[in-house]
Amino acid sequence: MRIEVLPDADAVAARASEFIAAQAHAAVQARGAFHLAVSGGRTPWLMLRRLAAQDLPWEKLHLYQVDERVAPAGSDDRNLTHIEASLLARVPLPPAQVHPMPVEAADLDAAARDYDALLRSTAGAPPVLDLVHLGLGADGHTASLVPDDAVLAVADAAVAMTGPYLGHRRMTLTYPTLDRARRILWLVTGSGKAAVLARLCAADKSIPAGRIEQRNACLLADSAAAAGKLEVQ
């Protein structure tokens, strides 16, 4: 895993937007489209605002969610609410190429299967995303692959539902989908992530994040999260 340590969350967000823009142009040149999946979090919202100012081939970009809480449309708990404000309101991304997770459905398991089918129709069967952005929870979760949940064992679907976690069920991409991605981009900021970040970098499989394939991963961390313990590669 390639590691870059930057001064603060703003610098991480700026570097991430540059990284995504470069990957977008490379993907479009190589394959004619760019399939990007994003997670939630404060630093990612900064990243998306920065990304909106980048020169991207928006007409060739497909945007997916890594995970989403089951909550009403427009709720602050929804990642989509922040994606819309930070990015979608600012760029000419065709609406048909924005793929929100259908967490308002009455049958959530069927909705997860529908999102799985969508991924297969747009990104291949099995789906291969060009870039997946991931965050890291203090408990070691990433996406909504949360400790001790049955979702960790899902190997036969691209998308699955979790049980209740911090007040919400969630829809999430599964390990096989994440591990097939051409690139993984980790964004980790804040001193509260220092201990778990060290475990991620050690590929500690006792935490969900540590089980993600690291071969094609890039980690952007701020100095607080790195806590002077990460060796830049």
# chains A, B, ... in the order shown; residues from 1 in each chain; ligands from 1

call {"tool": "residues_around", "arguments": {"residues": "Phe19 (chain A)", "least_positions_apart": "6", "cutoff": "10 Å", "atoms": "only C-alpha atoms", "output": "list in words"}}
result
Ala13, Leu51, Leu185 and Cys218 of chain A

call {"tool": "select_by_dssp", "arguments": {"residues": "region 67-219 of chain A", "states": "alpha helix (DSSP H)", "output": "PyMOL selection string"}}
result
chain A and resi 79-86+108-123+175-180+194-201

call {"tool": "atom_distance", "arguments": {"atom1": "CA of Glu59 (chain A)", "atom2": "CA of Ala158 (chain A)"}}
result
25.0 Å

call {"tool": "residues_around", "arguments": {"residues": "Asp156 (chain A)", "least_positions_apart": "3", "cutoff": "12 Å", "atoms": "only C-alpha atoms", "output": "list in words"}}
result
Arg113, Asp116, Pro126, Val151, Leu152, Ala153, Val159, Ala160, Leu173, Thr174, Tyr175, Pro176 and Thr177 of chain A

call {"tool": "select_by_dssp", "arguments": {"residues": "region 12-218 of chain A", "states": "strand (DSSP E or B)", "output": "MDAnalysis selection string"}}
result
chainID A and resid 34:38 61:65 67:69 98:99 131:134 142 145 159:161 165 168 170:173 183:188 217:218

call {"tool": "closest_atom_pairs", "arguments": {"of": "region 49-157 of chain A", "to": "region 27-40 of chain A", "cutoff": "6 Å", "atoms": "only C-alpha atoms", "output": "Markdown table"}}
result
| residue | atom | partner | partner_atom | distance |
| --- | --- | --- | --- | --- |
| A:Lys60 | CA | A:Ala33 | CA | 4.8 |
| A:Leu61 | CA | A:Phe34 | CA | 4.8 |
| A:His62 | CA | A:His35 | CA | 4.9 |
| A:Leu63 | CA | A:Leu36 | CA | 5.1 |
| A:Tyr64 | CA | A:Ala37 | CA | 4.4 |
| A:Gln65 | CA | A:Ala37 | CA | 5.1 |
| A:Val66 | CA | A:Ser39 | CA | 5.2 |
| A:Asn79 | CA | A:Gly40 | CA | 5.4 |
| A:Leu129 | CA | A:His35 | CA | 5.2 |
| A:Asp130 | CA | A:His35 | CA | 5.1 |
| A:Leu131 | CA | A:Leu36 | CA | 5.1 |
| A:Val132 | CA | A:Ala37 | CA | 4.8 |
| A:His133 | CA | A:Val38 | CA | 4.9 |
| A:Leu134 | CA | A:Ser39 | CA | 5.7 |

call {"tool": "write_last_selection", "arguments": {"atoms": "C-alpha atoms", "output": "compact mmCIF listing (two decimals), in the first residue's frame"}}
result
# COMPACT_ATOMS: atom_id res chain seq x y z
CA LYS A 60 -17.86 9.65 -18.85
CA LEU A 61 -18.10 9.30 -15.06
CA HIS A 62 -20.41 6.94 -13.16
CA LEU A 63 -20.81 7.70 -9.45
CA TYR A 64 -21.81 5.03 -6.92
CA GLN A 65 -22.10 4.85 -3.16
CA VAL A 66 -19.87 2.58 -1.09
CA ASN A 79 -24.34 10.13 2.72
CA LEU A 129 -14.97 -0.32 -10.14
CA ASP A 130 -12.09 1.91 -11.21
CA LEU A 131 -11.68 3.63 -7.85
CA VAL A 132 -13.28 3.10 -4.46
CA HIS A 133 -12.81 5.68 -1.74
CA LEU A 134 -12.85 4.28 1.80

call {"tool": "residues_around", "arguments": {"residues": "Val128 (chain A)", "least_positions_apart": "5", "cutoff": "7 Å", "atoms": "only C-alpha atoms", "output": "ChimeraX atom specification"}}
result
/A:123,180-181

call {"tool": "write_last_selection", "arguments": {"atoms": "all heavy atoms", "output": "PDB file, in the first residue's frame"}}
result
ATOM      1  N   ALA A 123     -20.868  -1.781 -14.645  1.00  0.00           N
ATOM      2  CA  ALA A 123     -19.438  -1.938 -14.355  1.00  0.00           C
ATOM      3  C   ALA A 123     -18.931  -3.355 -14.582  1.00  0.00           C
ATOM      4  O   ALA A 123     -17.821  -3.688 -14.168  1.00  0.00           O
ATOM      5  CB  ALA A 123     -19.148  -1.500 -12.911  1.00  0.00           C
ATOM      6  N   ARG A 180     -12.060  -6.232  -5.865  1.00  0.00           N
ATOM      7  CA  ARG A 180     -11.898  -6.223  -7.323  1.00  0.00           C
ATOM      8  C   ARG A 180     -11.586  -4.843  -7.872  1.00  0.00           C
ATOM      9  O   ARG A 180     -11.214  -4.706  -9.053  1.00  0.00           O
ATOM     10  CB  ARG A 180     -13.165  -6.747  -8.001  1.00  0.00           C
ATOM     11  CG  ARG A 180     -13.268  -8.256  -8.100  1.00  0.00           C
ATOM     12  CD  ARG A 180     -14.383  -8.661  -9.052  1.00  0.00           C
ATOM     13  NE  ARG A 180     -15.657  -8.105  -8.662  1.00  0.00           N
ATOM     14  CZ  ARG A 180     -16.541  -8.714  -7.859  1.00  0.00           C
ATOM     15  NH1 ARG A 180     -16.256  -9.920  -7.370  1.00  0.00           N
ATOM     16  NH2 ARG A 180     -17.686  -8.150  -7.569  1.00  0.00           N
ATOM     17  N   ALA A 181     -11.751  -3.800  -7.086  1.00  0.00           N
ATOM     18  CA  ALA A 181     -11.537  -2.434  -7.573  1.00  0.00           C
ATOM     19  C   ALA A 181     -10.112  -2.263  -8.113  1.00  0.00           C
ATOM     20  O   ALA A 181      -9.154  -2.805  -7.556  1.00  0.00           O
ATOM     21  CB  ALA A 181     -11.797  -1.429  -6.465  1.00  0.00           C
TER      22      ALA A 181
END

call {"tool": "atom_distance", "arguments": {"atom1": "CA of Val196 (chain A)", "atom2": "CA of Ala9 (chain A)"}}
result
17.2 Å

call {"tool": "closest_residue", "arguments": {"among": "A:Pro7, A:Arg183, A:Gly124, A:Leu166", "to": "Ala22 (chain A)", "atoms": "only C-alpha atoms"}}
result
A:Arg183

call {"tool": "residues_around", "arguments": {"residues": "Arg15 (chain A)", "least_positions_apart": "6", "cutoff": "12 Å", "atoms": "only C-alpha atoms", "output": "PyMOL selection string"}}
result
chain A and resi 4-9+21-22+43-44+46-48+50-51+54+185-187+218-222

call {"tool": "write_last_selection", "arguments": {"atoms": "N, CA, C and O atoms", "output": "short mmCIF file (atom, residue, chain, number, x, y, z; two decimals), in the first residue's frame"}}
result
data_model
loop_
_atom_site.label_atom_id
_atom_site.label_comp_id
_atom_site.auth_asym_id
_atom_site.auth_seq_id
_atom_site.Cartn_x
_atom_site.Cartn_y
_atom_site.Cartn_z
N GLU A 4 0.82 8.28 1.89
CA GLU A 4 1.23 9.68 1.88
C GLU A 4 0.70 10.34 3.15
O GLU A 4 -0.48 10.22 3.47
N VAL A 5 1.58 11.03 3.87
CA VAL A 5 1.18 11.76 5.08
C VAL A 5 1.22 13.24 4.75
O VAL A 5 2.25 13.76 4.29
N LEU A 6 0.09 13.92 5.00
CA LEU A 6 -0.06 15.34 4.68
C LEU A 6 -0.34 16.12 5.95
O LEU A 6 -0.69 15.54 6.98
N PRO A 7 -0.19 17.45 5.92
CA PRO A 7 -0.26 18.21 7.16
C PRO A 7 -1.60 18.17 7.89
O PRO A 7 -1.64 18.12 9.12
N ASP A 8 -2.71 18.23 7.14
CA ASP A 8 -4.01 18.32 7.79
C ASP A 8 -5.10 17.79 6.87
O ASP A 8 -4.83 17.36 5.73
N ALA A 9 -6.35 17.83 7.36
CA ALA A 9 -7.46 17.28 6.59
C ALA A 9 -7.68 18.02 5.27
O ALA A 9 -8.04 17.40 4.26
N ALA A 21 -8.90 12.77 -9.94
CA ALA A 21 -8.93 13.37 -11.28
C ALA A 21 -7.96 12.65 -12.21
O ALA A 21 -8.29 12.36 -13.37
N ALA A 22 -6.77 12.35 -11.72
CA ALA A 22 -5.78 11.66 -12.55
C ALA A 22 -6.27 10.26 -12.92
O ALA A 22 -6.12 9.81 -14.07
N THR A 43 -14.03 14.71 6.01
CA THR A 43 -12.94 14.93 5.05
C THR A 43 -13.37 14.59 3.63
O THR A 43 -13.04 15.33 2.69
N PRO A 44 -14.11 13.49 3.41
CA PRO A 44 -14.62 13.24 2.05
C PRO A 44 -15.51 14.35 1.49
O PRO A 44 -15.47 14.62 0.29
N LEU A 46 -15.11 17.49 2.07
CA LEU A 46 -14.11 18.46 1.61
C LEU A 46 -13.50 18.00 0.29
O LEU A 46 -13.30 18.80 -0.63
N MET A 47 -13.19 16.73 0.21
CA MET A 47 -12.61 16.17 -1.01
C MET A 47 -13.55 16.37 -2.20
O MET A 47 -13.11 16.76 -3.29
N LEU A 48 -14.84 16.10 -2.02
CA LEU A 48 -15.78 16.22 -3.12
C LEU A 48 -15.93 17.66 -3.58
O LEU A 48 -16.07 17.93 -4.78
N ARG A 50 -13.54 19.85 -3.48
CA ARG A 50 -12.32 20.07 -4.25
C ARG A 50 -12.42 19.38 -5.62
O ARG A 50 -11.97 19.92 -6.63
N LEU A 51 -13.01 18.21 -5.62
CA LEU A 51 -13.14 17.46 -6.87
C LEU A 51 -14.01 18.22 -7.86
O LEU A 51 -13.76 18.17 -9.08
N GLN A 54 -12.08 20.34 -10.14
CA GLN A 54 -11.11 19.69 -11.02
C GLN A 54 -11.68 19.56 -12.45
O GLN A 54 -12.89 19.54 -12.65
N LEU A 185 -8.70 4.05 -2.52
CA LEU A 185 -8.15 5.29 -1.96
C LEU A 185 -8.67 5.45 -0.53
O LEU A 185 -9.85 5.71 -0.32
N TRP A 186 -7.78 5.28 0.44
CA TRP A 186 -8.12 5.48 1.85
C TRP A 186 -7.88 6.93 2.23
O TRP A 186 -6.81 7.48 1.92
N LEU A 187 -8.83 7.55 2.92
CA LEU A 187 -8.65 8.87 3.53
C LEU A 187 -8.86 8.72 5.03
O LEU A 187 -9.94 8.30 5.47
N CYS A 218 -3.96 3.18 -2.09
CA CYS A 218 -3.22 4.38 -1.72
C CYS A 218 -3.87 4.95 -0.46
O CYS A 218 -5.09 5.11 -0.41
N LEU A 219 -3.07 5.25 0.54
CA LEU A 219 -3.55 5.80 1.80
C LEU A 219 -3.09 7.23 1.94
O LEU A 219 -1.88 7.51 1.88
N LEU A 220 -4.03 8.15 2.12
CA LEU A 220 -3.73 9.54 2.42
C LEU A 220 -4.15 9.81 3.86
O LEU A 220 -5.33 9.65 4.20
N ALA A 221 -3.20 10.17 4.70
CA ALA A 221 -3.47 10.43 6.11
C ALA A 221 -2.91 11.79 6.49
O ALA A 221 -1.92 12.26 5.91
N ASP A 222 -3.55 12.42 7.47
CA ASP A 222 -2.96 13.65 7.98
C ASP A 222 -1.98 13.31 9.10
O ASP A 222 -1.92 12.18 9.59
#

call {"tool": "atom_distance", "arguments": {"atom1": "CA of Ala89 (chain A)", "atom2": "CA of Arg69 (chain A)"}}
result
21.0 Å

call {"tool": "decode", "arguments": {"residues": "region 195-227 of chain A", "atoms": "C-alpha atoms", "output": "compact mmCIF listing (two decimals), in the first residue's frame"}}
result
# COMPACT_ATOMS: atom_id res chain seq x y z
CA ALA A 195 -4.27 3.51 16.77
CA VAL A 196 -6.63 1.88 14.28
CA LEU A 197 -4.71 3.30 11.32
CA ALA A 198 -1.58 1.52 12.51
CA ARG A 199 -3.61 -1.71 12.57
CA LEU A 200 -4.88 -1.08 9.02
CA CYS A 201 -1.35 -0.52 7.75
CA ALA A 202 -0.32 -3.79 9.38
CA ALA A 203 -3.21 -5.54 7.55
CA ASP A 204 -4.60 -6.63 10.90
CA LYS A 205 -7.39 -8.99 9.86
CA SER A 206 -9.03 -8.82 13.28
CA ILE A 207 -10.57 -5.51 12.16
CA PRO A 208 -12.84 -5.34 9.08
CA ALA A 209 -10.67 -2.73 7.35
CA GLY A 210 -7.60 -4.92 7.68
CA ARG A 211 -9.14 -7.53 5.42
CA ILE A 212 -9.30 -5.22 2.39
CA GLU A 213 -6.81 -6.06 -0.35
CA GLN A 214 -3.91 -3.55 -0.13
CA ARG A 215 -2.02 -4.30 -3.34
CA ASN A 216 -3.66 -1.49 -5.35
CA ALA A 217 -4.35 0.84 -2.43
CA CYS A 218 -3.22 4.38 -1.72
CA LEU A 219 -3.55 5.80 1.80
CA LEU A 220 -3.73 9.54 2.42
CA ALA A 221 -3.47 10.43 6.11
CA ASP A 222 -2.96 13.65 7.98
CA SER A 223 -0.15 14.05 10.49
CA ALA A 224 -2.54 13.67 13.43
CA ALA A 225 -3.74 10.26 12.26
CA ALA A 226 -0.22 9.19 11.32
CA ALA A 227 1.00 10.24 14.78
